[in-house]
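Read through the structure below, which is laid out as structure tokens, and then see the notes.
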Amino acid sequence: MQNEALVRYKRNPILLPNESNWWESKAVFNCAVLREDNRIHMLYRAVGEYEKYISRIGYATSTDGYCFDKRKEIAIAPSEEYEKYGIEDPRLVKIGHQTFLSYVVLSDYVSQRPSASTALATTTDFNNYTRLGIITNKGSDNKDVVLFPENISDGIQNLRYLFLHRPSTWVGSKYGVQRPSIWIGEGTSLTNFEKHTLLIKPEQQWEMLKVGAGPPPIKTKQGWLLIYHGVDKDHVYAAGAALLDLNEPTRVIARTKRPILEPKEPYEKNGDVNNVVFPTAAYVMDGKLFVYYGAADKVCCLATVDLENFLDYVLKD
Ligand code: BMA
């Protein structure tokens, strides 16, 4: 396999800011995508000014996964006190028949200083969204929260809900990790995760500063496929991948040593935040893995790869 495991779509970026639509005039990036039958739904983060830098969420739809049509109106605007400074980086997942959206909120929910938490909402039609509130622990400065698309049985008791999260304040000897890392949370309901296990911490140079989950994990024969981002000492954001045990996802089976994607193209190197590839959505269609990522906090992009080849690569790297 070549240097990077993922192959960029030739016609990237797939989504650009729209100068004539005020709320998405500056940047559209870090999208959530959900594939349902013949329709692909996308929710993306949009910025329309740099003074307050408040993010809103837009909606787009596609039939092939490459070409998306944006809806003109805002899909979700901050309305709750805890969303006061914006809603960012949505992630979509379907559990059973229900569609869930986890998203970062910036507010002074924790202190006078805006800090990050993650909230949850549901939707049945991508027009109306029911808010379920904040699901991360108070004070954990928590982003990159993704739910597993199904519950896992512990073999004895009830089904467990699982999610991945990145509590930035959970560092130091008490937590057994020196840098913000990916944790796996388990709970009996989606709004109450009581058990937390450290899953992935920085190991390679390219992820030395911190790591965070990307898209919700994808179930494959070889395990749960997790794509994540890592940040190096120069604040370059690159992507890696790991496989988690299907029955016991707290167990990491494999993990790439090298980035599967790193900033190379001009649209990844130059934008509102330079040198960023930030994967936030993925699915498999006809044996092909589609990975959507934000580039330089400015635009949405796509990279693909044959799933079987990619899984072999993750197991070998
Ligand atoms: C992270 C998040 C993302 C952003 C990335 C790179 O902390 O804020 O929304 O894309 O930084 O700036």
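By convention here, the chains of the structure tokens are called A, B, ... in the order presented, each chain's residues are numbered starting at 1, and ligands are numbered starting at 1 in the order presented.
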
Counting only C-alpha atoms and all ligand atoms, give me one row per residue of chain A with an atom at most 8 Å from an atom of ligand 1, showing the shortest contact pair and its distance in Å to one decimal, sorted by chain then residue number, as CSV.
residue,atom,partner,partner_atom_place_in_ligand_line,distance
A:Phe29,CA,ligand 1,10 (O),7.6
A:Asn30,CA,ligand 1,10 (O),6.4
A:Glu88,CA,ligand 1,9 (O),6.5
A:Asp89,CA,ligand 1,9 (O),5.6
A:Lys143,CA,ligand 1,7 (O),7.6
A:Tyr237,CA,ligand 1,6 (C),6.8
A:Val273,CA,ligand 1,12 (O),5.4
A:Asn274,CA,ligand 1,12 (O),7.9
A:Val276,CA,ligand 1,6 (C),5.9
A:Val277,CA,ligand 1,10 (O),7.8
A:Phe278,CA,ligand 1,10 (O),5.9
A:Gly294,CA,ligand 1,10 (O),6.5
A:Ala295,CA,ligand 1,10 (O),7.7
A:Ala296,CA,ligand 1,6 (C),7.0
A:Asp297,CA,ligand 1,10 (O),5.1

Residues just named, written with N, CA, C and O atoms as a PDB file, in the first residue's frame:
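Contents of again07.pdb, as written:
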ATOM      1  N   PHE A  29     -17.380  22.679   7.728  1.00  0.00           N
ATOM      2  CA  PHE A  29     -16.403  21.605   7.960  1.00  0.00           C
ATOM      3  C   PHE A  29     -16.906  20.633   9.020  1.00  0.00           C
ATOM      4  O   PHE A  29     -17.994  20.801   9.572  1.00  0.00           O
ATOM      5  N   ASN A  30     -16.103  19.590   9.285  1.00  0.00           N
ATOM      6  CA  ASN A  30     -16.368  18.598  10.333  1.00  0.00           C
ATOM      7  C   ASN A  30     -17.829  18.110  10.300  1.00  0.00           C
ATOM      8  O   ASN A  30     -18.630  18.420  11.189  1.00  0.00           O
ATOM      9  N   GLU A  88     -20.883  22.545  17.676  1.00  0.00           N
ATOM     10  CA  GLU A  88     -19.786  22.187  16.762  1.00  0.00           C
ATOM     11  C   GLU A  88     -19.672  20.669  16.568  1.00  0.00           C
ATOM     12  O   GLU A  88     -20.162  19.899  17.379  1.00  0.00           O
ATOM     13  N   ASP A  89     -18.996  20.298  15.519  1.00  0.00           N
ATOM     14  CA  ASP A  89     -18.532  18.923  15.263  1.00  0.00           C
ATOM     15  C   ASP A  89     -19.582  17.847  15.544  1.00  0.00           C
ATOM     16  O   ASP A  89     -19.383  16.983  16.417  1.00  0.00           O
ATOM     17  N   LYS A 143     -14.717  16.546  24.300  1.00  0.00           N
ATOM     18  CA  LYS A 143     -15.115  16.590  22.878  1.00  0.00           C
ATOM     19  C   LYS A 143     -14.947  15.213  22.267  1.00  0.00           C
ATOM     20  O   LYS A 143     -14.517  14.288  22.936  1.00  0.00           O
ATOM     21  N   TYR A 237      -2.881  18.112  12.641  1.00  0.00           N
ATOM     22  CA  TYR A 237      -3.894  17.078  12.880  1.00  0.00           C
ATOM     23  C   TYR A 237      -3.843  16.034  11.772  1.00  0.00           C
ATOM     24  O   TYR A 237      -4.055  16.369  10.607  1.00  0.00           O
ATOM     25  N   VAL A 273      -7.747  27.127  10.253  1.00  0.00           N
ATOM     26  CA  VAL A 273      -6.697  26.551  11.107  1.00  0.00           C
ATOM     27  C   VAL A 273      -5.865  25.671  10.165  1.00  0.00           C
ATOM     28  O   VAL A 273      -6.383  24.708   9.598  1.00  0.00           O
ATOM     29  N   ASN A 274      -4.612  26.022   9.982  1.00  0.00           N
ATOM     30  CA  ASN A 274      -3.790  25.318   8.993  1.00  0.00           C
ATOM     31  C   ASN A 274      -3.403  23.908   9.444  1.00  0.00           C
ATOM     32  O   ASN A 274      -3.332  23.636  10.643  1.00  0.00           O
ATOM     33  N   VAL A 276      -4.806  20.710   9.062  1.00  0.00           N
ATOM     34  CA  VAL A 276      -5.788  19.889   9.783  1.00  0.00           C
ATOM     35  C   VAL A 276      -6.509  18.940   8.827  1.00  0.00           C
ATOM     36  O   VAL A 276      -7.087  19.378   7.824  1.00  0.00           O
ATOM     37  N   VAL A 277      -6.464  17.636   9.115  1.00  0.00           N
ATOM     38  CA  VAL A 277      -7.462  16.693   8.582  1.00  0.00           C
ATOM     39  C   VAL A 277      -8.154  16.117   9.812  1.00  0.00           C
ATOM     40  O   VAL A 277      -7.506  15.671  10.749  1.00  0.00           O
ATOM     41  N   PHE A 278      -9.484  16.197   9.820  1.00  0.00           N
ATOM     42  CA  PHE A 278     -10.249  15.890  11.029  1.00  0.00           C
ATOM     43  C   PHE A 278     -11.448  15.015  10.660  1.00  0.00           C
ATOM     44  O   PHE A 278     -12.535  15.508  10.362  1.00  0.00           O
ATOM     45  N   GLY A 294     -13.021  17.095   7.915  1.00  0.00           N
ATOM     46  CA  GLY A 294     -12.893  18.539   7.797  1.00  0.00           C
ATOM     47  C   GLY A 294     -11.448  18.838   7.436  1.00  0.00           C
ATOM     48  O   GLY A 294     -10.523  18.190   7.926  1.00  0.00           O
ATOM     49  N   ALA A 295     -11.231  19.813   6.541  1.00  0.00           N
ATOM     50  CA  ALA A 295      -9.865  20.175   6.153  1.00  0.00           C
ATOM     51  C   ALA A 295      -9.615  21.627   6.530  1.00  0.00           C
ATOM     52  O   ALA A 295     -10.378  22.522   6.140  1.00  0.00           O
ATOM     53  N   ALA A 296      -8.563  21.848   7.324  1.00  0.00           N
ATOM     54  CA  ALA A 296      -8.119  23.188   7.735  1.00  0.00           C
ATOM     55  C   ALA A 296      -9.260  24.027   8.321  1.00  0.00           C
ATOM     56  O   ALA A 296      -9.262  25.252   8.197  1.00  0.00           O
ATOM     57  N   ASP A 297     -10.191  23.388   8.980  1.00  0.00           N
ATOM     58  CA  ASP A 297     -11.360  24.050   9.609  1.00  0.00           C
ATOM     59  C   ASP A 297     -12.063  24.990   8.623  1.00  0.00           C
ATOM     60  O   ASP A 297     -12.546  26.069   8.991  1.00  0.00           O
TER      61      ASP A 297
END

So which residues touch Asn151 (chain A) within 6 Å, counting only C-alpha atoms, skipping near sequence neighbours fewer than 2 positions away, as a PDB file with N, CA, C and O atoms, in the first residue's frame?
ATOM      1  N   LEU A 159     -28.150  -5.015  28.348  1.00  0.00           N
ATOM      2  CA  LEU A 159     -27.303  -4.484  27.292  1.00  0.00           C
ATOM      3  C   LEU A 159     -26.628  -3.217  27.781  1.00  0.00           C
ATOM      4  O   LEU A 159     -27.205  -2.466  28.555  1.00  0.00           O
ATOM      5  N   ARG A 160     -25.422  -3.013  27.318  1.00  0.00           N
ATOM      6  CA  ARG A 160     -24.706  -1.800  27.691  1.00  0.00           C
ATOM      7  C   ARG A 160     -24.687  -0.832  26.514  1.00  0.00           C
ATOM      8  O   ARG A 160     -24.494  -1.252  25.376  1.00  0.00           O
ATOM      9  N   TYR A 161     -24.849   0.450  26.807  1.00  0.00           N
ATOM     10  CA  TYR A 161     -24.594   1.482  25.805  1.00  0.00           C
ATOM     11  C   TYR A 161     -23.125   1.840  25.930  1.00  0.00           C
ATOM     12  O   TYR A 161     -22.583   1.906  27.030  1.00  0.00           O
TER      13      TYR A 161
END

Set the distance at 7 Å and use only C-alpha atoms: which residues neighbour Leu261 (chain A) once local chain neighbours fewer than 4 positions away are removed? I'd like the list as a PDB file with C-alpha atoms, in the first residue's frame.
ATOM      1  CA  GLU A   4      -1.221   6.973   3.202  1.00  0.00           C
ATOM      2  CA  ALA A   5      -3.897   4.283   3.375  1.00  0.00           C
ATOM      3  CA  LEU A   6      -6.815   6.538   2.416  1.00  0.00           C
ATOM      4  CA  ALA A 238      -3.567  13.672  11.175  1.00  0.00           C
ATOM      5  CA  ALA A 239      -5.735  10.515  11.198  1.00  0.00           C
TER       6      ALA A 239
END

What's the 8 Å shell around region 31-38 of chain A, counting only C-alpha atoms, without same-chain residues fewer than 6 positions away, as a compact mmCIF listing (two decimals) with all heavy atoms, in the first residue's frame?
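Result file around11.txt:
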# COMPACT_ATOMS: atom_id res chain seq x y z
N TYR A 44 -23.44 19.46 8.96
CA TYR A 44 -22.08 20.02 8.97
C TYR A 44 -22.00 21.28 9.83
O TYR A 44 -22.99 21.98 10.04
CB TYR A 44 -21.60 20.31 7.55
CG TYR A 44 -22.48 21.28 6.78
CD1 TYR A 44 -22.23 22.66 6.80
CD2 TYR A 44 -23.56 20.82 6.03
CE1 TYR A 44 -23.03 23.54 6.09
CE2 TYR A 44 -24.37 21.70 5.33
CZ TYR A 44 -24.10 23.06 5.37
OH TYR A 44 -24.90 23.94 4.68
N ARG A 45 -20.81 21.52 10.32
CA ARG A 45 -20.57 22.71 11.14
C ARG A 45 -20.35 23.91 10.22
O ARG A 45 -19.59 23.81 9.25
CB ARG A 45 -19.33 22.45 12.00
CG ARG A 45 -18.88 23.64 12.80
CD ARG A 45 -17.73 23.22 13.70
NE ARG A 45 -17.11 24.37 14.31
CZ ARG A 45 -15.95 24.32 14.95
NH1 ARG A 45 -15.30 23.18 15.07
NH2 ARG A 45 -15.45 25.42 15.49
N THR A 63 -27.22 11.24 -2.90
CA THR A 63 -27.62 9.87 -3.23
C THR A 63 -26.39 9.00 -3.49
O THR A 63 -26.45 7.78 -3.36
CB THR A 63 -28.53 9.83 -4.48
OG1 THR A 63 -27.89 10.58 -5.51
CG2 THR A 63 -29.90 10.39 -4.19
N ASP A 89 -19.00 20.30 15.52
CA ASP A 89 -18.53 18.92 15.26
C ASP A 89 -19.58 17.85 15.54
O ASP A 89 -19.38 16.98 16.42
CB ASP A 89 -17.27 18.64 16.10
CG ASP A 89 -16.16 19.64 15.80
OD1 ASP A 89 -16.34 20.47 14.89
OD2 ASP A 89 -15.13 19.61 16.49
N PRO A 90 -20.69 17.84 14.78
CA PRO A 90 -21.71 16.81 15.00
C PRO A 90 -21.24 15.42 14.60
O PRO A 90 -20.38 15.28 13.73
CB PRO A 90 -22.86 17.27 14.09
CG PRO A 90 -22.19 18.04 13.01
CD PRO A 90 -21.02 18.72 13.65
N ARG A 91 -21.77 14.40 15.25
CA ARG A 91 -21.53 12.99 14.88
C ARG A 91 -22.89 12.30 14.89
O ARG A 91 -23.63 12.43 15.87
CB ARG A 91 -20.65 12.30 15.89
CG ARG A 91 -19.16 12.19 15.61
CD ARG A 91 -18.39 13.42 15.65
NE ARG A 91 -16.95 13.18 15.73
CZ ARG A 91 -16.11 14.03 16.30
NH1 ARG A 91 -16.54 15.14 16.83
NH2 ARG A 91 -14.83 13.75 16.31
N LEU A 92 -23.20 11.56 13.83
CA LEU A 92 -24.50 10.89 13.71
C LEU A 92 -24.37 9.40 13.85
O LEU A 92 -23.41 8.80 13.34
CB LEU A 92 -25.08 11.16 12.32
CG LEU A 92 -25.89 12.43 12.10
CD1 LEU A 92 -26.11 12.64 10.62
CD2 LEU A 92 -27.23 12.38 12.83
N VAL A 93 -25.35 8.79 14.52
CA VAL A 93 -25.34 7.34 14.64
C VAL A 93 -26.77 6.84 14.76
O VAL A 93 -27.64 7.55 15.28
CB VAL A 93 -24.48 6.92 15.86
CG1 VAL A 93 -25.18 7.16 17.16
CG2 VAL A 93 -24.04 5.48 15.76
N LYS A 94 -27.02 5.65 14.22
CA LYS A 94 -28.34 5.07 14.35
C LYS A 94 -28.24 3.86 15.28
O LYS A 94 -27.42 2.97 15.06
CB LYS A 94 -28.84 4.63 12.97
CG LYS A 94 -30.33 4.54 12.92
CD LYS A 94 -30.84 4.61 11.51
CE LYS A 94 -32.36 4.53 11.56
NZ LYS A 94 -32.95 4.66 10.27
N PRO A 215 -15.13 9.29 13.45
CA PRO A 215 -16.50 8.83 13.22
C PRO A 215 -16.91 7.79 14.27
O PRO A 215 -16.03 7.16 14.88
CB PRO A 215 -16.41 8.16 11.86
CG PRO A 215 -15.10 8.55 11.27
CD PRO A 215 -14.21 8.88 12.39
N THR A 280 -14.72 12.81 10.76
CA THR A 280 -15.87 12.83 11.67
C THR A 280 -17.01 11.91 11.22
O THR A 280 -18.01 11.80 11.93
CB THR A 280 -16.43 14.26 11.80
OG1 THR A 280 -16.46 14.84 10.49
CG2 THR A 280 -15.58 15.12 12.72
N ALA A 281 -16.90 11.31 10.04
CA ALA A 281 -17.98 10.45 9.57
C ALA A 281 -17.43 9.37 8.65
O ALA A 281 -16.44 9.60 7.95
CB ALA A 281 -19.03 11.27 8.81
N ALA A 282 -18.07 8.20 8.66
CA ALA A 282 -17.64 7.10 7.78
C ALA A 282 -18.76 6.08 7.65
O ALA A 282 -19.57 5.93 8.56
CB ALA A 282 -16.39 6.43 8.35
N TYR A 283 -18.80 5.40 6.52
CA TYR A 283 -19.70 4.25 6.33
C TYR A 283 -19.14 3.39 5.22
O TYR A 283 -18.19 3.81 4.52
CB TYR A 283 -21.14 4.69 6.01
CG TYR A 283 -21.26 5.54 4.77
CD1 TYR A 283 -21.22 5.00 3.50
CD2 TYR A 283 -21.40 6.92 4.90
CE1 TYR A 283 -21.30 5.79 2.38
CE2 TYR A 283 -21.48 7.74 3.77
CZ TYR A 283 -21.42 7.16 2.52
OH TYR A 283 -21.48 7.94 1.40
N TYR A 292 -15.32 10.89 5.72
CA TYR A 292 -15.51 12.33 5.54
C TYR A 292 -14.68 13.06 6.58
O TYR A 292 -14.64 12.65 7.74
CB TYR A 292 -16.99 12.69 5.69
CG TYR A 292 -17.84 12.05 4.63
CD1 TYR A 292 -18.32 10.75 4.79
CD2 TYR A 292 -18.14 12.71 3.45
CE1 TYR A 292 -19.08 10.12 3.81
CE2 TYR A 292 -18.89 12.10 2.45
CZ TYR A 292 -19.36 10.81 2.63
OH TYR A 292 -20.10 10.21 1.66
N TYR A 293 -14.02 14.12 6.16
CA TYR A 293 -13.18 14.85 7.11
C TYR A 293 -13.21 16.35 6.84
O TYR A 293 -13.41 16.80 5.72
CB TYR A 293 -11.74 14.32 7.07
CG TYR A 293 -10.99 14.50 5.77
CD1 TYR A 293 -10.09 15.55 5.61
CD2 TYR A 293 -11.17 13.62 4.71
CE1 TYR A 293 -9.39 15.73 4.43
CE2 TYR A 293 -10.47 13.78 3.52
CZ TYR A 293 -9.59 14.83 3.38
OH TYR A 293 -8.91 15.00 2.21
N GLY A 294 -13.02 17.09 7.91
CA GLY A 294 -12.89 18.54 7.80
C GLY A 294 -11.45 18.84 7.44
O GLY A 294 -10.52 18.19 7.93
N CYS A 300 -15.31 20.66 3.75
CA CYS A 300 -15.53 19.22 3.97
C CYS A 300 -14.92 18.44 2.82
O CYS A 300 -15.07 18.82 1.66
CB CYS A 300 -17.02 18.89 3.99
SG CYS A 300 -17.87 19.43 5.47

Exercise for review: Could you give me, as number ranges by chain, the residues within 8 Å of Thr304 (chain A), counting only C-alpha atoms and dropping anything in the same chain fewer than 5 positions from it?
Suggested key: A: 6-9, 288-291

Practice item. Take CA of Ser140 (chain A) and CA of Arg179 (chain A) and report the distance between them in Å, one decimal. Key: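 The value is 13.3 Å.
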
Point to revise | CA of Lys210 (chain A) to CA of Glu80 (chain A), straight-line distance in Å | key: 29.2 Å

Please provide as a compact mmCIF listing (two decimals) with all heavy atoms, in the first residue's frame all residues within 10 Å of Lys316 (chain A), with the sequence filter that same-chain residues fewer than 6 positions apart are discarded (counting only C-alpha atoms).
# COMPACT_ATOMS: atom_id res chain seq x y z
N ALA A 254 -5.73 -3.93 17.17
CA ALA A 254 -4.71 -3.43 16.25
C ALA A 254 -4.80 -1.92 16.18
O ALA A 254 -5.86 -1.33 16.46
CB ALA A 254 -4.92 -4.02 14.86
N ARG A 255 -3.68 -1.32 15.79
CA ARG A 255 -3.67 0.15 15.70
C ARG A 255 -2.56 0.57 14.75
O ARG A 255 -1.44 0.04 14.84
CB ARG A 255 -3.42 0.70 17.11
CG ARG A 255 -3.36 2.18 17.20
CD ARG A 255 -3.28 2.58 18.65
NE ARG A 255 -2.97 3.98 18.78
CZ ARG A 255 -2.62 4.55 19.91
NH1 ARG A 255 -2.57 3.84 21.02
NH2 ARG A 255 -2.35 5.83 19.96
N THR A 256 -2.85 1.50 13.87
CA THR A 256 -1.84 1.90 12.89
C THR A 256 -0.73 2.71 13.55
O THR A 256 -1.00 3.52 14.43
CB THR A 256 -2.47 2.76 11.76
OG1 THR A 256 -3.18 3.84 12.35
CG2 THR A 256 -3.40 1.95 10.89
N LYS A 257 0.47 2.48 13.09
CA LYS A 257 1.61 3.25 13.63
C LYS A 257 1.75 4.56 12.87
O LYS A 257 2.12 5.57 13.43
CB LYS A 257 2.90 2.46 13.49
CG LYS A 257 2.99 1.29 14.44
CD LYS A 257 4.45 0.85 14.59
CE LYS A 257 4.59 -0.25 15.60
NZ LYS A 257 3.98 -1.52 15.13
N PHE A 310 -8.15 -2.24 3.52
CA PHE A 310 -7.86 -1.32 4.62
C PHE A 310 -7.75 -2.08 5.94
O PHE A 310 -6.84 -1.83 6.74
CB PHE A 310 -8.96 -0.24 4.69
CG PHE A 310 -8.69 0.81 5.73
CD1 PHE A 310 -7.58 1.64 5.63
CD2 PHE A 310 -9.53 0.96 6.82
CE1 PHE A 310 -7.32 2.61 6.59
CE2 PHE A 310 -9.27 1.93 7.79
CZ PHE A 310 -8.16 2.75 7.67

Review point. Given the choices A:Val104, A:Val252, A:Ile57, A:Ile200, which gets closest to Lys72 (chain A) if the distance is worked out from only C-alpha atoms?
Key: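 For Lys72 (chain A), the nearest of the given residues is A:Ile57.
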
Practice item. Give the answer as one residue: which of A:Ile253, A:Ile260, A:Val305, A:Ile135 has the shortest atom-to-atom distance to Glu194 (chain A), using only C-alpha atoms? Key: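 Closest residue, counting only C-alpha atoms: A:Ile135.
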
Excluding same-chain residues fewer than 5 positions from Ile152 (chain A), what lies within 10 Å of it counting only C-alpha atoms, as a compact mmCIF listing (two decimals) with C-alpha atoms, in the first residue's frame?
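What ended up in selection_37.txt:
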# COMPACT_ATOMS: atom_id res chain seq x y z
CA ASN A 158 -28.61 -5.93 30.51
CA LEU A 159 -27.30 -4.48 27.29
CA ARG A 160 -24.71 -1.80 27.69
CA TYR A 161 -24.59 1.48 25.81
CA LEU A 162 -21.07 2.41 24.82
CA GLU A 186 -20.35 2.26 29.44
CA LEU A 246 -16.26 -6.97 18.78
CA ASN A 247 -17.50 -8.38 22.08
CA GLU A 248 -15.18 -6.50 24.39
CA PRO A 249 -14.47 -3.14 22.75

Study note, to complete from the structure: From the list A:Asn192, A:Thr136, A:Ser117, A:Asn21, the nearest residue to Tyr85 (chain A) using only C-alpha atoms is A:Ser117
